[in-house]
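Working notes, structure below.
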Amino acid sequence: MLSLPGFDAPRLASLRVRIQDMAVRQNRYRREAQSIGVPADCPETHRLVEVAEQDTAALADLERLISLTMRFMADEQSGRPAEPVSGSPSAQGLLARAFAALTTSRNGGAA
């Protein structure tokens with residue numbers, strides 16, 4: 001069974017909501033910066049807008065990772081016998097599938 005010490009389902013759900021809120025705020029800041037229009041002679045401002053876009057994407061990816069982790073945890077607790085995480089082939093396979101799904105999703109494929 002997948003176990004994340006200190007991160008039970010309610011705490012992960014709360015973290016997911018907080019990250020969603022952060023992503024919404026960050027996206028709003030990014031859109032506001034784009035709507036203002038940055039003159040071509042302001043390279044630092046252009047760089048900051050690009051950083052805001054990267055931050056927004058990172059927060060969205062993090063939220064998807066938490067959602068995926070929550071689904072895997074629920075799946076692991078669905079009645080199968082629990083196994084220790086360390087050295088467990090099923091736990092390693094679970095993490096490999098999670099990262100593969102995220103990588104595929106990020107590269108434009110279906111998750």
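Residue names in the structure tokens use chain letters A, B, ... in the order shown, residue numbers from 1 in each chain, and ligand numbers from 1 in the order shown.
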
If you count only C-alpha atoms, which residues fall within 7 Å of range 57-59 of chain A, apart from same-chain ones fewer than 4 positions away, as a PyMOL selection string?
chain A and resi 19+23+53+63

Could you dump the residues just selected with all heavy atoms as a JSON list (two decimals), in the first residue's frame?
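Result file again-v3.json:
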```json
[["chain", "number", "residue", "atom", "x", "y", "z"],
["A", 19, "ILE", "N", -3.15, 24.68, -3.65],
["A", 19, "ILE", "CA", -2.36, 24.81, -4.87],
["A", 19, "ILE", "C", -3.23, 25.29, -6.03],
["A", 19, "ILE", "O", -2.80, 26.12, -6.84],
["A", 19, "ILE", "CB", -1.64, 23.49, -5.20],
["A", 19, "ILE", "CG1", -0.54, 23.25, -4.18],
["A", 19, "ILE", "CG2", -1.08, 23.50, -6.62],
["A", 19, "ILE", "CD1", 0.10, 21.90, -4.26],
["A", 23, "ALA", "N", -2.54, 28.60, -8.21],
["A", 23, "ALA", "CA", -2.46, 28.57, -9.66],
["A", 23, "ALA", "C", -3.41, 29.58, -10.28],
["A", 23, "ALA", "O", -3.06, 30.27, -11.25],
["A", 23, "ALA", "CB", -2.76, 27.16, -10.18],
["A", 53, "GLU", "N", 4.57, 32.68, -16.28],
["A", 53, "GLU", "CA", 3.97, 31.60, -17.07],
["A", 53, "GLU", "C", 4.53, 30.24, -16.64],
["A", 53, "GLU", "O", 3.79, 29.27, -16.52],
["A", 53, "GLU", "CB", 4.21, 31.84, -18.55],
["A", 53, "GLU", "CG", 3.43, 33.01, -19.10],
["A", 53, "GLU", "CD", 3.75, 33.33, -20.54],
["A", 53, "GLU", "OE1", 4.62, 32.67, -21.15],
["A", 53, "GLU", "OE2", 3.12, 34.27, -21.07],
["A", 63, "GLU", "N", -0.53, 20.32, -8.95],
["A", 63, "GLU", "CA", -1.91, 19.98, -8.59],
["A", 63, "GLU", "C", -2.30, 18.64, -9.22],
["A", 63, "GLU", "O", -2.92, 17.81, -8.59],
["A", 63, "GLU", "CB", -2.87, 21.09, -9.03],
["A", 63, "GLU", "CG", -4.27, 20.93, -8.49],
["A", 63, "GLU", "CD", -5.15, 20.02, -9.31],
["A", 63, "GLU", "OE1", -4.95, 19.93, -10.54],
["A", 63, "GLU", "OE2", -6.04, 19.39, -8.74]]
```

Provide the CA of Ala74 in chain A to CA of Asp8 in chain A distance in Å, to one decimal place.
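It comes out at 10.7 Å.
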